[in-house]
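J.: One structure, pasted below without further comment.
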Amino acid sequence: MTGTGTDIGKTFFSSLFLAKYGKSHNFKYWKPIQTGLSESNDTKLIQKITEFDDSFFLKPIYELKFPSNPFDSAKREKIELNINLIRETIAKERTNPVLLEGAGGLFVPLNESYLLWQLIRESNLNVILVCSSELGTINHTLMSLESMLQRFIPVVGFYMVGPKNDLIENNIEMIQKFGGTPCLGYTTFPNQKLSAKDFLIFANEHFDSKRMVIDSLLDTGDIFETE
C-alpha cells in the first residue's frame with residue numbers, strides 16, 4: 001500500500017488493519033525505513049494503539065531521527081541506505097502476511113538516484129493506495145494512480161480515510177471513473193481518543209466492513225504501504 005502524501009492517514013490505516021486482521025490472519029506490521037524518530041515512531045504508536053505484543057511487529061531496517069525523506073535523513077546521520085539490503089530483506093518477507101509501510105510518497109528519494117516507486121516495482125509488490133477524504137484528493141489520488149500504472153506497478157485499489165464531509169461520495173465516484181481502480185472502503189477518524197480495547201472494537205465495526213481489503217490481499221498475496 002502507498003499513500004498520496006505524508007500525513008495522509010496511512011499509519012491510521014495500518015493500525016486499523018492490524019487491529020482487525022493481525023490475530024485472525026497472522027498479519028504483521030513492518031516499516032522498513034523509519035524516519036522522524038525525534039518526533040514519532042510509527043511502530044511503537046501502532047503497538048500502543050493495539051496493545052499487540054512484539055510478535056506482530058518486524059523491526060525496521062533503518063531508524064533515522066530527522067523528520068525528512070529517507071535520503072536526507074540518512075545523509076544527516078552520515079550513512080547511505082543499502083538498497084540491495086532493503087530489497088533482499090523485503091524479498092525474504094514478501095511471502096509472509098506482512099503489512100509494509102514506507103516513508104514518504106511514491107517519489108520520495110532513498111538515495112541520490114533511487115526513488116521509492118523503484119523499490120516497490122523491483123520488489124514486485126501489490127499496492128493499496130491510501131488517500132484523503134478532503135478537498136484536493138481527486139487530483140492527488142489520480143496522479144498517484146497514473147504514476148503507478150504507467151510504471152507497471154500492480155494496484156489493488158484505493159482506500160479513503162479522513163473526516164466525514166459532503167465531498168466523499170463524489171470524490172470516490174470521480175477517482176473510480178477516471179482512475180479505473182476500485183474503492184476498497186472509507187473510514188473516518190474516531191471522535192475521541194480510544195483505549196486499546198475500544199480501538200479494536202472500532203476497527204472491527206468501521207474498517208473494511210465489506211471485506212474488500214482483506215479479500216483483495218488474500219487474492220494477490222502481498223501489500224506495500226508508504227507514508
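Each chain in the C-alpha cells gets a letter, A, B and so on, in the order shown; residues start at 1 in every chain, and ligands are counted from 1 in the order they appear.
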Could you please write out, as a ChimeraX atom specification, every residue of range 22-114 of chain A that DSSP assigns to helix (DSSP H, G or I)?
T.: /A:42-50,54-56,70-76,83-93
J.: I need the chosen residues saved as a PDB file, in the first residue's frame, with N, CA and C atoms.
T.:
```pdb
ATOM      1  N   ASP A  42       6.279   5.139  14.284  1.00  0.00           N
ATOM      2  CA  ASP A  42       5.015   4.543  13.854  1.00  0.00           C
ATOM      3  C   ASP A  42       4.818   3.133  14.407  1.00  0.00           C
ATOM      4  N   THR A  43       5.897   2.365  14.482  1.00  0.00           N
ATOM      5  CA  THR A  43       5.778   1.007  15.010  1.00  0.00           C
ATOM      6  C   THR A  43       5.302   1.026  16.458  1.00  0.00           C
ATOM      7  N   LYS A  44       5.945   1.868  17.277  1.00  0.00           N
ATOM      8  CA  LYS A  44       5.552   1.950  18.680  1.00  0.00           C
ATOM      9  C   LYS A  44       4.154   2.550  18.836  1.00  0.00           C
ATOM     10  N   LEU A  45       3.816   3.483  17.944  1.00  0.00           N
ATOM     11  CA  LEU A  45       2.482   4.088  18.001  1.00  0.00           C
ATOM     12  C   LEU A  45       1.405   3.043  17.764  1.00  0.00           C
ATOM     13  N   ILE A  46       1.580   2.231  16.722  1.00  0.00           N
ATOM     14  CA  ILE A  46       0.588   1.199  16.418  1.00  0.00           C
ATOM     15  C   ILE A  46       0.551   0.142  17.519  1.00  0.00           C
ATOM     16  N   GLN A  47       1.724  -0.180  18.050  1.00  0.00           N
ATOM     17  CA  GLN A  47       1.772  -1.153  19.139  1.00  0.00           C
ATOM     18  C   GLN A  47       1.034  -0.631  20.369  1.00  0.00           C
ATOM     19  N   LYS A  48       1.169   0.673  20.628  1.00  0.00           N
ATOM     20  CA  LYS A  48       0.469   1.273  21.764  1.00  0.00           C
ATOM     21  C   LYS A  48      -1.034   1.304  21.527  1.00  0.00           C
ATOM     22  N   ILE A  49      -1.444   1.626  20.309  1.00  0.00           N
ATOM     23  CA  ILE A  49      -2.871   1.710  19.990  1.00  0.00           C
ATOM     24  C   ILE A  49      -3.542   0.351  20.121  1.00  0.00           C
ATOM     25  N   THR A  50      -2.865  -0.696  19.636  1.00  0.00           N
ATOM     26  CA  THR A  50      -3.466  -2.034  19.613  1.00  0.00           C
ATOM     27  C   THR A  50      -3.155  -2.869  20.852  1.00  0.00           C
ATOM     28  N   ASP A  54       5.151  -7.949  20.745  1.00  0.00           N
ATOM     29  CA  ASP A  54       6.224  -7.744  19.771  1.00  0.00           C
ATOM     30  C   ASP A  54       6.160  -8.697  18.589  1.00  0.00           C
ATOM     31  N   SER A  55       5.517  -9.835  18.739  1.00  0.00           N
ATOM     32  CA  SER A  55       5.477 -10.826  17.669  1.00  0.00           C
ATOM     33  C   SER A  55       4.704 -10.334  16.441  1.00  0.00           C
ATOM     34  N   PHE A  56       3.920  -9.255  16.594  1.00  0.00           N
ATOM     35  CA  PHE A  56       3.138  -8.708  15.486  1.00  0.00           C
ATOM     36  C   PHE A  56       3.872  -7.582  14.754  1.00  0.00           C
ATOM     37  N   PRO A  70      13.906   9.786   3.357  1.00  0.00           N
ATOM     38  CA  PRO A  70      14.966   8.864   3.792  1.00  0.00           C
ATOM     39  C   PRO A  70      16.361   9.266   3.352  1.00  0.00           C
ATOM     40  N   PHE A  71      16.504   9.788   2.131  1.00  0.00           N
ATOM     41  CA  PHE A  71      17.820  10.192   1.636  1.00  0.00           C
ATOM     42  C   PHE A  71      18.394  11.311   2.498  1.00  0.00           C
ATOM     43  N   ASP A  72      17.597  12.334   2.743  1.00  0.00           N
ATOM     44  CA  ASP A  72      18.051  13.465   3.537  1.00  0.00           C
ATOM     45  C   ASP A  72      18.310  13.052   4.980  1.00  0.00           C
ATOM     46  N   SER A  73      17.407  12.258   5.546  1.00  0.00           N
ATOM     47  CA  SER A  73      17.572  11.826   6.939  1.00  0.00           C
ATOM     48  C   SER A  73      18.848  11.013   7.108  1.00  0.00           C
ATOM     49  N   ALA A  74      19.100  10.105   6.155  1.00  0.00           N
ATOM     50  CA  ALA A  74      20.302   9.272   6.230  1.00  0.00           C
ATOM     51  C   ALA A  74      21.562  10.121   6.064  1.00  0.00           C
ATOM     52  N   LYS A  75      21.516  11.072   5.133  1.00  0.00           N
ATOM     53  CA  LYS A  75      22.680  11.923   4.883  1.00  0.00           C
ATOM     54  C   LYS A  75      23.031  12.743   6.123  1.00  0.00           C
ATOM     55  N   ARG A  76      22.023  13.194   6.853  1.00  0.00           N
ATOM     56  CA  ARG A  76      22.265  13.969   8.070  1.00  0.00           C
ATOM     57  C   ARG A  76      22.970  13.128   9.144  1.00  0.00           C
ATOM     58  N   ILE A  83      20.376  -0.158  -0.707  1.00  0.00           N
ATOM     59  CA  ILE A  83      19.183  -0.545  -1.456  1.00  0.00           C
ATOM     60  C   ILE A  83      19.103  -2.053  -1.642  1.00  0.00           C
ATOM     61  N   ASN A  84      20.229  -2.685  -1.897  1.00  0.00           N
ATOM     62  CA  ASN A  84      20.240  -4.146  -2.065  1.00  0.00           C
ATOM     63  C   ASN A  84      19.787  -4.847  -0.794  1.00  0.00           C
ATOM     64  N   LEU A  85      20.245  -4.355   0.345  1.00  0.00           N
ATOM     65  CA  LEU A  85      19.832  -4.934   1.618  1.00  0.00           C
ATOM     66  C   LEU A  85      18.327  -4.796   1.812  1.00  0.00           C
ATOM     67  N   ILE A  86      17.784  -3.621   1.491  1.00  0.00           N
ATOM     68  CA  ILE A  86      16.345  -3.398   1.641  1.00  0.00           C
ATOM     69  C   ILE A  86      15.573  -4.341   0.725  1.00  0.00           C
ATOM     70  N   ARG A  87      15.998  -4.439  -0.543  1.00  0.00           N
ATOM     71  CA  ARG A  87      15.323  -5.326  -1.494  1.00  0.00           C
ATOM     72  C   ARG A  87      15.374  -6.778  -1.036  1.00  0.00           C
ATOM     73  N   GLU A  88      16.555  -7.206  -0.595  1.00  0.00           N
ATOM     74  CA  GLU A  88      16.722  -8.603  -0.181  1.00  0.00           C
ATOM     75  C   GLU A  88      15.886  -8.928   1.053  1.00  0.00           C
ATOM     76  N   THR A  89      15.804  -7.978   1.982  1.00  0.00           N
ATOM     77  CA  THR A  89      15.017  -8.210   3.196  1.00  0.00           C
ATOM     78  C   THR A  89      13.528  -8.268   2.872  1.00  0.00           C
ATOM     79  N   ILE A  90      13.080  -7.394   1.975  1.00  0.00           N
ATOM     80  CA  ILE A  90      11.678  -7.436   1.543  1.00  0.00           C
ATOM     81  C   ILE A  90      11.380  -8.754   0.837  1.00  0.00           C
ATOM     82  N   ALA A  91      12.305  -9.209   0.007  1.00  0.00           N
ATOM     83  CA  ALA A  91      12.113 -10.463  -0.724  1.00  0.00           C
ATOM     84  C   ALA A  91      11.936 -11.641   0.233  1.00  0.00           C
ATOM     85  N   LYS A  92      12.645 -11.617   1.353  1.00  0.00           N
ATOM     86  CA  LYS A  92      12.537 -12.699   2.330  1.00  0.00           C
ATOM     87  C   LYS A  92      11.176 -12.695   3.028  1.00  0.00           C
ATOM     88  N   GLU A  93      10.571 -11.508   3.143  1.00  0.00           N
ATOM     89  CA  GLU A  93       9.307 -11.384   3.877  1.00  0.00           C
ATOM     90  C   GLU A  93       8.076 -11.388   2.984  1.00  0.00           C
TER      91      GLU A  93
END
```
J.: Can you tell me, as a list in words, what residues are no more than 10 Å from Met143 in chain A when counting only C-alpha atoms, ignoring any on the same chain fewer than 6 positions away?
T.: Thr4, Thr137, Leu149 and Gly179 of chain A
J.: Go ahead and save the residues from that selection, with C-alpha atoms, as a PDB file, in the first residue's frame.
T.:
```pdb
ATOM      1  CA  THR A   4      -0.843  10.154  -1.865  1.00  0.00           C
ATOM      2  CA  THR A 137      -7.885  14.276  -3.084  1.00  0.00           C
ATOM      3  CA  LEU A 149       0.021   2.222 -13.622  1.00  0.00           C
ATOM      4  CA  GLY A 179      -8.545   6.145 -12.244  1.00  0.00           C
TER       5      GLY A 179
END
```
J.: Measure the distance from CA of Asn82 in chain A to CA of Phe66 in chain A in Å and round it to one decimal.
T.: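 So the two atoms, CA of Asn82 in chain A and CA of Phe66 in chain A, lie 18.1 Å apart.
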J.: From a backbone DSSP assignment, name each residue in range 1-193 of chain A labelled strand (DSSP E or B), as JSON, numbers by chain.
T.: {"A": [2, 3, 28, 29, 30, 33, 34, 57, 58, 62, 63, 98, 99, 100, 101, 109, 110, 111, 114, 115, 127, 128, 129, 130, 131, 132, 155, 156, 157, 158, 159, 160, 161, 183, 184, 185, 186, 187]}
J.: Atoms to include: C-alpha atoms. Write the selected residues as a compact mmCIF listing (two decimals), in the first residue's frame.
T.:
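This is the output file out26.txt:
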```txt
# COMPACT_ATOMS: atom_id res chain seq x y z
CA THR A 2 1.17 3.52 -0.73
CA GLY A 3 -0.21 6.96 0.04
CA LYS A 28 2.49 -8.38 11.00
CA TYR A 29 3.27 -4.69 10.65
CA TRP A 30 6.59 -3.55 9.20
CA ILE A 33 12.58 2.67 6.78
CA GLN A 34 11.52 4.78 9.74
CA PHE A 57 5.87 -6.24 14.53
CA LEU A 58 9.03 -6.50 12.44
CA TYR A 62 16.79 1.72 9.18
CA GLU A 63 15.71 4.00 12.01
CA VAL A 98 3.09 -8.59 6.31
CA LEU A 99 1.71 -5.06 6.00
CA LEU A 100 4.54 -2.80 4.83
CA GLU A 101 4.57 0.93 5.43
CA PRO A 109 14.24 9.60 -2.67
CA LEU A 110 16.08 6.77 -0.93
CA ASN A 111 19.40 7.96 -2.31
CA TYR A 114 16.74 5.94 -6.49
CA LEU A 115 13.11 6.69 -5.65
CA VAL A 127 -0.28 -1.77 -3.73
CA ILE A 128 -3.27 -0.30 -1.95
CA LEU A 129 -3.32 3.49 -2.26
CA VAL A 130 -4.44 5.36 0.85
CA CYS A 131 -5.93 8.79 0.15
CA SER A 132 -7.65 11.63 1.98
CA VAL A 155 -2.60 -1.51 -7.84
CA VAL A 156 -5.22 -3.41 -5.84
CA GLY A 157 -7.40 -0.36 -5.19
CA PHE A 158 -7.62 2.81 -3.11
CA TYR A 159 -8.84 3.30 0.45
CA MET A 160 -10.08 6.66 1.72
CA VAL A 161 -9.57 7.92 5.27
CA CYS A 183 -12.52 1.98 -3.94
CA LEU A 184 -11.90 -0.58 -1.19
CA GLY A 185 -13.63 1.43 1.52
CA TYR A 186 -13.67 4.52 3.73
CA THR A 187 -13.09 5.04 7.45
```
J.: When you look at range 203-209 of chain A with a cut-off of 7 Å (counting only C-alpha atoms), what residues show up, excluding the ones that are within fewer than 4 positions of it in the same chain? I need them as a PDB file with C-alpha atoms, in the first residue's frame.
T.:
```pdb
ATOM      1  CA  LEU A  16      -6.970  -0.403  11.729  1.00  0.00           C
ATOM      2  CA  ALA A  19      -6.264  -4.415  14.851  1.00  0.00           C
ATOM      3  CA  LYS A  20      -8.788  -6.247  12.682  1.00  0.00           C
ATOM      4  CA  GLY A 185     -13.629   1.434   1.518  1.00  0.00           C
ATOM      5  CA  THR A 187     -13.090   5.040   7.449  1.00  0.00           C
ATOM      6  CA  PHE A 199      -9.928   0.790  19.281  1.00  0.00           C
ATOM      7  CA  VAL A 213      -9.322  -5.019   1.553  1.00  0.00           C
TER       8      VAL A 213
END
```
